[in-house]
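Below you'll find the structure, written out as structure tokens, and then a few comments.
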Amino acid sequence: MGSDIKSDSRSRILVTGGSGQLGSELKRLLGTNPSIFYTDVNELDITKREAVERFLLDNDIEIVINCAAYTAVDKAEDEETAAGKVNASAPRNLADSAIAVWRAGASAKGGPLIIHISTDYVFDGKSNRPYTEDFPTAPASAYGRTKLEGEQALINSGCNYIILRTSWLYSAFGSNFVKTILRLTGERDSLDVVFDQVGTPTFAGDLATVICKVLTKWELSTDKERRDLCGIYNFSNEGVCSWYDFAKEIVKRGGNSCKINPVTSDKFITKAVRPAYSVLDKRKIKETFGLVIRHWMEPLDDEKFWKNIQI
């Protein structure tokens, strides 16, 4: 599964966080037309319930793809309330507004579908086997707690929802590990990177492609089939690596001569606890949507990625 599969969706779609990593990749696949709305906080503040409901009604929105998130993991330890507004209250507003649209008779049962992006941080990060969707959640950070609250708000609302949990997201757009490594290795002769935290990188272009597949299946499904589709799904690329492994592959392809040194995580003191293990079990999403998922190294070998990236 590559990241160049265009979508021919005919639904009226709202993409929140439209200028971020995932929003930018969705724009590349979904395109720009009058039926798709890409918003950021200046166009639509999703922490304000009335504004959300009005937007859904005024624009006859059928599907919401919520890419907006407060992702400053360390900062969230001091600003959990602020993080909660975006990660928990905003999904609740989307869910409640979707239900309101349905009750107003402006939508099918359950209201517009909400596709919500979540994170491996809802787990404790201490497992030794890939996390399934039903593995007990136990977030160890404020970021993880607020993201879990957002999930629960959707689940408990009665709206139509699909939650996509992902990990280690990167793209040519926005801020992410790949761009940080390229910047730092361009400035230094050597760089320390932890090797005792493992997970799977997720190329945002591949996640966007999955979302397009979700859209297609949803649009072709009956009401009963749609109810069965609702739920939580894990998605990342295939394979497992440490941050050290990931950094080495980035440098190898990025052309820098900087030496990457493996170190333990106790060398870096951070406010938020980082998961030691972030590998997600993807069997459910592969079986449900018929996915063949690329290994995490494959997107890094794509010339288009390196052509688009800006440090």
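Each chain in the structure tokens gets a letter, A, B and so on, in the order shown; residues start at 1 in every chain, and ligands are counted from 1 in the order they appear.
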
Q: Would you kindly return, as a list in words, each protein, DNA or RNA residue with an atom no farther than 7 Å from any atom of A:Pro91, considering only C-alpha atoms and excluding same-chain residues fewer than 2 positions away?
A: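 The residues that qualify are Asn87, Ala88, Ser89, Asn93, Leu94, Ala95, Gly150, Ala153 and Leu154 of chain A.
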
Residues of stretch 216-279 of chain A that have any atom at most 9 Å from an atom of stretch 104-120 of chain A: could you tabulate them with the shortest-distance atom pair and the distance in Å to one decimal, using only C-alpha atoms, ordered by chain and increasing number, as a tab-separated table?
residue	atom	partner	partner_atom	distance
A:Trp218	CA	A:Leu113	CA	8.8
A:Asp223	CA	A:Lys109	CA	8.3
A:Cys230	CA	A:Leu113	CA	8.9
A:Asn234	CA	A:Asp120	CA	8.7
A:Pro275	CA	A:Asp120	CA	8.4
A:Ser278	CA	A:Asp120	CA	6.0
A:Val279	CA	A:Asp120	CA	8.0

Q) Smallest atom-to-atom distance to A:Thr200: which of A:Phe177, A:Trp296, A:Phe123, A:Tyr131, using only C-alpha atoms? A)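 Smallest distance to A:Thr200 is found for A:Trp296.
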
Q. What are the DSSP alpha helix (DSSP H) residues of stretch 11-256 of chain A, as a PyMOL selection string?
A. chain A and resi 21-30+49-58+75-78+80-84+90-103+142-157+177-187+204-220+223-229+243-254

(Q) Can you measure atom CA of A:Ile162 to atom CA of A:Phe305 for me? One decimal in Å is fine. (A)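 For atom CA of A:Ile162 relative to atom CA of A:Phe305, the distance reads 27.8 Å.
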
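Counting only C-alpha atoms, the residue from A:Leu207, A:Leu184, A:Val122, A:Ala138 that sits nearest to A:Ser257 is A:Leu184.
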
Determine, counting only C-alpha atoms, which protein, DNA and RNA residues have an atom within 7 Å of an atom of stretch 13-29 of chain A; residues of the same chain fewer than 5 positions away are not included. Present the result as a short mmCIF file (atom, residue, chain, number, x, y, z; two decimals) with C-alpha atoms, in the first residue's frame.
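Result file follows (selection-v4.cif):
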data_model
loop_
_atom_site.label_atom_id
_atom_site.label_comp_id
_atom_site.auth_asym_id
_atom_site.auth_seq_id
_atom_site.Cartn_x
_atom_site.Cartn_y
_atom_site.Cartn_z
CA ILE A 5 -3.85 6.33 -3.94
CA LYS A 6 -6.24 9.18 -4.70
CA SER A 7 -9.72 9.20 -3.22
CA SER A 35 -17.24 19.75 -0.75
CA ILE A 36 -14.08 19.33 1.35
CA PHE A 37 -13.25 21.81 4.10
CA TYR A 38 -9.73 21.97 5.56
CA THR A 39 -9.74 24.03 8.73
CA ASP A 40 -7.40 25.13 11.48
CA ILE A 61 -20.98 17.79 6.65
CA GLU A 62 -21.22 14.00 6.30
CA ILE A 63 -17.76 13.00 7.53
CA VAL A 64 -15.35 14.67 9.96
CA ILE A 65 -11.67 13.71 9.96
CA ASN A 66 -10.25 15.06 13.21
CA CYS A 67 -6.51 15.57 12.77
CA ALA A 68 -6.33 18.41 15.30
CA SER A 171 5.86 13.43 7.02
CA PHE A 173 5.17 18.60 6.53
CA GLY A 174 5.02 20.01 10.04
CA ALA A 204 1.46 10.26 7.43
CA GLY A 205 0.96 9.65 3.72
CA ALA A 208 -3.93 9.29 4.86
#

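Separating atom CA of A:Glu77 from atom CA of A:Thr180 is a distance of 21.7 Å.
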
(Q) Could you list, as a list of chain:residue names, every residue within 12 Å of A:Ala140, counting only C-alpha atoms and ignoring same-chain residues fewer than 5 positions away? (A)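 Close residues of A:Ala140: A:Val73, A:Asp74, A:Glu77, A:Asp120, A:Tyr121, A:Val122, A:Phe123, A:Asp124, A:Gly125, A:Lys126, A:Arg145, A:Thr146, A:Lys147, A:Leu148, A:Lys271, A:Ala272, A:Val273, A:Arg274, A:Pro275, A:Ala276.
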
(Q) Measuring between only C-alpha atoms, which one of A:Gly84, A:Pro130, A:Pro299, A:Gly31 shows the shortest distance to A:Asp206? (A)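 Of all the options, A:Pro299 lies closest to A:Asp206.
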